[in-house]
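> Can you read through this structure? Questions will come right after.
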Amino acid sequence: MDKEVLEQIEQIIKYQFSNPTLLAKTFTHSSAVDNRLLSNERLEFLGDSILGTVICQTLFERFPSCCEGELTKLKSMLVSRETCAQVARRLNLQKFLKVGKSMASSRALSRSLAAALLEAVIAAIYLDGGFDAARDFVLRAFDPLIEKADKEQAQGNYKSLLQQYAQERYNRMPVYALLDEKGPDHDKCFESEVVIAERHFPSAWGTNKKEAEQKAAFKALMELGVLQEECPDS
């Protein structure tokens, strides 16, 4: 792997290696070498653990109201092969991966290869620059997905919060009603309202029924004075 290619990779991952040989090994698949120890397989093994540690710590700090089961679900989603492959593809890392001739035209293992490559990159950064450098890369690469999970978690709490409040204050369960729906089947939007003890709260629109109900719950919480901030965008 020539110097120009290595520099391209460093620009993409926003980290400069002090050991270029390690970076070259990171982008070498076992099918491209005679000795598997010269490939990125061992790096993949290490990177998997580092990724899990960083994600676990981040979720623990960012979601203080989540129980163990909820954190486990979020972690499983973020470190899955599908998610790792998605991140690798977004960074376009797989185009630099050196594979053997037998795999050059194969797409069957593209997801697995991309996911493994990302884990190898994480391990290589860790070995070259330490845990903080690896953590910084993971957070940069996964931040959009973590932010999405954060937003969904926040929205997911509105119905639960309203249910708890309604039971304590009115001894009633909130009831959600679908008022309207618009748009073609492939791009519908829905309007829902929440009713508590015969009191109707402002309706809300969402791209699906669940989202509409979450937003309606948020509006009810706002009107009841439980929440004060503006409703987050969908």
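As shown in the structure tokens, the chain order sets the letters A, B, ...; within each chain, residues go from 1, and ligands are also counted from 1 in the order they appear.
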Where in range 114-228 of chain A does DSSP assign alpha helix (DSSP H), given as a ChimeraX atom specification?

/A:114-129,131-170,209-223

> Got time to write the residues from that selection, C-alpha atoms, as a PDB file, in the first residue's frame?


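The resulting part.pdb:
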```pdb
ATOM      1  CA  ALA A 114     -16.847  -3.971   6.085  1.00  0.00           C
ATOM      2  CA  ALA A 115     -17.749  -4.583   9.734  1.00  0.00           C
ATOM      3  CA  ALA A 116     -14.526  -6.473  10.407  1.00  0.00           C
ATOM      4  CA  LEU A 117     -12.498  -3.731   8.746  1.00  0.00           C
ATOM      5  CA  LEU A 118     -13.999  -1.062  10.988  1.00  0.00           C
ATOM      6  CA  GLU A 119     -13.138  -3.111  14.080  1.00  0.00           C
ATOM      7  CA  ALA A 120      -9.586  -3.545  12.805  1.00  0.00           C
ATOM      8  CA  VAL A 121      -9.249   0.204  12.306  1.00  0.00           C
ATOM      9  CA  ILE A 122     -10.385   0.824  15.884  1.00  0.00           C
ATOM     10  CA  ALA A 123      -7.790  -1.638  17.204  1.00  0.00           C
ATOM     11  CA  ALA A 124      -5.025  -0.170  15.066  1.00  0.00           C
ATOM     12  CA  ILE A 125      -5.706   3.348  16.326  1.00  0.00           C
ATOM     13  CA  TYR A 126      -5.715   1.989  19.889  1.00  0.00           C
ATOM     14  CA  LEU A 127      -2.355   0.250  19.439  1.00  0.00           C
ATOM     15  CA  ASP A 128      -0.840   3.264  17.705  1.00  0.00           C
ATOM     16  CA  GLY A 129      -2.243   6.103  19.804  1.00  0.00           C
ATOM     17  CA  PHE A 131      -7.384   4.307  24.224  1.00  0.00           C
ATOM     18  CA  ASP A 132      -8.289   8.004  24.044  1.00  0.00           C
ATOM     19  CA  ALA A 133      -7.431   8.148  20.341  1.00  0.00           C
ATOM     20  CA  ALA A 134      -9.499   5.035  19.653  1.00  0.00           C
ATOM     21  CA  ARG A 135     -12.382   6.406  21.715  1.00  0.00           C
ATOM     22  CA  ASP A 136     -12.306   9.690  19.797  1.00  0.00           C
ATOM     23  CA  PHE A 137     -12.540   7.827  16.498  1.00  0.00           C
ATOM     24  CA  VAL A 138     -15.409   5.637  17.689  1.00  0.00           C
ATOM     25  CA  LEU A 139     -17.366   8.630  18.953  1.00  0.00           C
ATOM     26  CA  ARG A 140     -16.826  10.538  15.705  1.00  0.00           C
ATOM     27  CA  ALA A 141     -17.860   7.554  13.623  1.00  0.00           C
ATOM     28  CA  PHE A 142     -20.859   6.519  15.728  1.00  0.00           C
ATOM     29  CA  ASP A 143     -22.066   9.916  16.925  1.00  0.00           C
ATOM     30  CA  PRO A 144     -24.892  10.239  14.336  1.00  0.00           C
ATOM     31  CA  LEU A 145     -26.245   6.842  15.401  1.00  0.00           C
ATOM     32  CA  ILE A 146     -25.883   7.606  19.114  1.00  0.00           C
ATOM     33  CA  GLU A 147     -27.636  10.953  18.615  1.00  0.00           C
ATOM     34  CA  LYS A 148     -30.459   9.163  16.824  1.00  0.00           C
ATOM     35  CA  ALA A 149     -30.756   6.680  19.679  1.00  0.00           C
ATOM     36  CA  ASP A 150     -30.709   9.581  22.158  1.00  0.00           C
ATOM     37  CA  LYS A 151     -33.533  11.318  20.320  1.00  0.00           C
ATOM     38  CA  GLU A 152     -35.600   8.160  20.027  1.00  0.00           C
ATOM     39  CA  GLN A 153     -35.037   7.387  23.700  1.00  0.00           C
ATOM     40  CA  ALA A 154     -36.174  10.871  24.690  1.00  0.00           C
ATOM     41  CA  GLN A 155     -39.280  10.640  22.522  1.00  0.00           C
ATOM     42  CA  GLY A 156     -39.962   7.159  23.817  1.00  0.00           C
ATOM     43  CA  ASN A 157     -40.140   8.507  27.362  1.00  0.00           C
ATOM     44  CA  TYR A 158     -43.008  10.947  26.694  1.00  0.00           C
ATOM     45  CA  LYS A 159     -45.766   8.313  26.636  1.00  0.00           C
ATOM     46  CA  SER A 160     -44.348   6.600  29.713  1.00  0.00           C
ATOM     47  CA  LEU A 161     -44.028   9.911  31.547  1.00  0.00           C
ATOM     48  CA  LEU A 162     -47.580  10.928  30.644  1.00  0.00           C
ATOM     49  CA  GLN A 163     -48.948   7.541  31.699  1.00  0.00           C
ATOM     50  CA  GLN A 164     -47.233   7.808  35.078  1.00  0.00           C
ATOM     51  CA  TYR A 165     -48.485  11.370  35.585  1.00  0.00           C
ATOM     52  CA  ALA A 166     -52.082  10.556  34.549  1.00  0.00           C
ATOM     53  CA  GLN A 167     -52.274   7.570  36.869  1.00  0.00           C
ATOM     54  CA  GLU A 168     -50.917   9.525  39.822  1.00  0.00           C
ATOM     55  CA  ARG A 169     -52.949  12.696  39.187  1.00  0.00           C
ATOM     56  CA  TYR A 170     -56.212  11.401  37.695  1.00  0.00           C
ATOM     57  CA  LYS A 209     -48.680   6.374  14.306  1.00  0.00           C
ATOM     58  CA  LYS A 210     -46.088   5.815  17.011  1.00  0.00           C
ATOM     59  CA  GLU A 211     -44.380   9.127  16.319  1.00  0.00           C
ATOM     60  CA  ALA A 212     -47.717  10.968  16.247  1.00  0.00           C
ATOM     61  CA  GLU A 213     -48.634   9.505  19.629  1.00  0.00           C
ATOM     62  CA  GLN A 214     -45.264  10.431  21.106  1.00  0.00           C
ATOM     63  CA  LYS A 215     -45.662  14.017  19.933  1.00  0.00           C
ATOM     64  CA  ALA A 216     -49.237  14.145  21.198  1.00  0.00           C
ATOM     65  CA  ALA A 217     -48.000  12.920  24.579  1.00  0.00           C
ATOM     66  CA  PHE A 218     -45.358  15.630  24.550  1.00  0.00           C
ATOM     67  CA  LYS A 219     -47.982  18.312  23.854  1.00  0.00           C
ATOM     68  CA  ALA A 220     -50.134  17.000  26.679  1.00  0.00           C
ATOM     69  CA  LEU A 221     -47.160  17.115  29.053  1.00  0.00           C
ATOM     70  CA  MET A 222     -46.490  20.683  27.938  1.00  0.00           C
ATOM     71  CA  GLU A 223     -50.085  21.743  28.554  1.00  0.00           C
TER      72      GLU A 223
END
```

> Go through A:Asp48, A:Asp34, A:Glu193, A:Asp2 and flag the residue nearest Gly100 in chain A, using only C-alpha atoms for the distances.

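Comparing A:Asp48, A:Asp34, A:Glu193, A:Asp2 against Gly100 in chain A, the winner is A:Asp34.
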
> Find the residues near range 70-83 of chain A: any atom within 7 Å, counting only C-alpha atoms, skip ones fewer than 6 places away on the same chain, and give them as JSON, numbers by chain.

{"A": [52, 55, 56, 59, 111, 112, 115]}

> Produce a file of the selected residues containing N, CA and C atoms, as a compact mmCIF listing (two decimals), in the first residue's frame.


```txt
# COMPACT_ATOMS: atom_id res chain seq x y z
N GLY A 52 -16.94 -2.19 21.97
CA GLY A 52 -17.94 -2.49 22.98
C GLY A 52 -17.74 -1.67 24.24
N ILE A 55 -18.66 2.10 23.54
CA ILE A 55 -20.11 2.27 23.39
C ILE A 55 -20.81 2.09 24.74
N CYS A 56 -20.40 1.10 25.51
CA CYS A 56 -21.00 0.87 26.83
C CYS A 56 -20.81 2.07 27.74
N LEU A 59 -23.01 5.03 26.46
CA LEU A 59 -24.43 4.85 26.75
C LEU A 59 -24.70 5.01 28.25
N ARG A 111 -20.86 -7.17 3.78
CA ARG A 111 -21.23 -6.63 5.08
C ARG A 111 -20.25 -7.09 6.15
N SER A 112 -19.94 -8.38 6.14
CA SER A 112 -19.02 -8.93 7.13
C SER A 112 -17.63 -8.32 6.99
N ALA A 115 -17.67 -4.65 8.27
CA ALA A 115 -17.75 -4.58 9.73
C ALA A 115 -16.41 -4.96 10.37
```

> Ranking A:Pro20, A:Pro174, A:Pro64, A:Gly225 by minimum distance to Val5 in chain A and counting only C-alpha atoms, which one comes first?

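Closest to Val5 in chain A of all the choices is A:Pro20.
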
> Separation of CA of Thr28 in chain A and CA of Phe45 in chain A, in Å?

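CA of Phe45 in chain A lies 14.5 Å from CA of Thr28 in chain A.
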
> Between CA of Glu4 in chain A and CA of Leu23 in chain A, what is the distance, to one decimal in Å?

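CA of Leu23 in chain A lies 12.6 Å from CA of Glu4 in chain A.
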
> Just the residues within 6 Å of Ser192 in chain A, please, counting only C-alpha atoms, with nothing from its chain fewer than 2 positions along; format it as a list in words.

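Listing them by chain and then by number gives Ala177, Leu178, Leu179, Ser203, Ala204, Ala212 and Glu213 of chain A.
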
> Counting only C-alpha atoms, figure out which residue out of A:Pro184, A:Gly206, A:Gly47, A:Gly130 gets nearest to Cys84 in chain A.

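Distance minimum relative to Cys84 in chain A lands on A:Gly47.
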
> Between CA of Phe190 in chain A and CA of Thr207 in chain A, measure the distance and give it in Å to one decimal.

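Between CA of Phe190 in chain A and CA of Thr207 in chain A the gap works out to 6.3 Å.
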
> Could you pull the residues within 10 Å of Leu37 in chain A, counting only C-alpha atoms, minus those fewer than 6 positions along the same chain, as an NGL selection string?

:A and (25 or 30 or 43)

> Among range 10-180 of chain A, which ones does DSSP place in strand (DSSP E or B), written as a ChimeraX atom specification?

/A:28,98,175-180
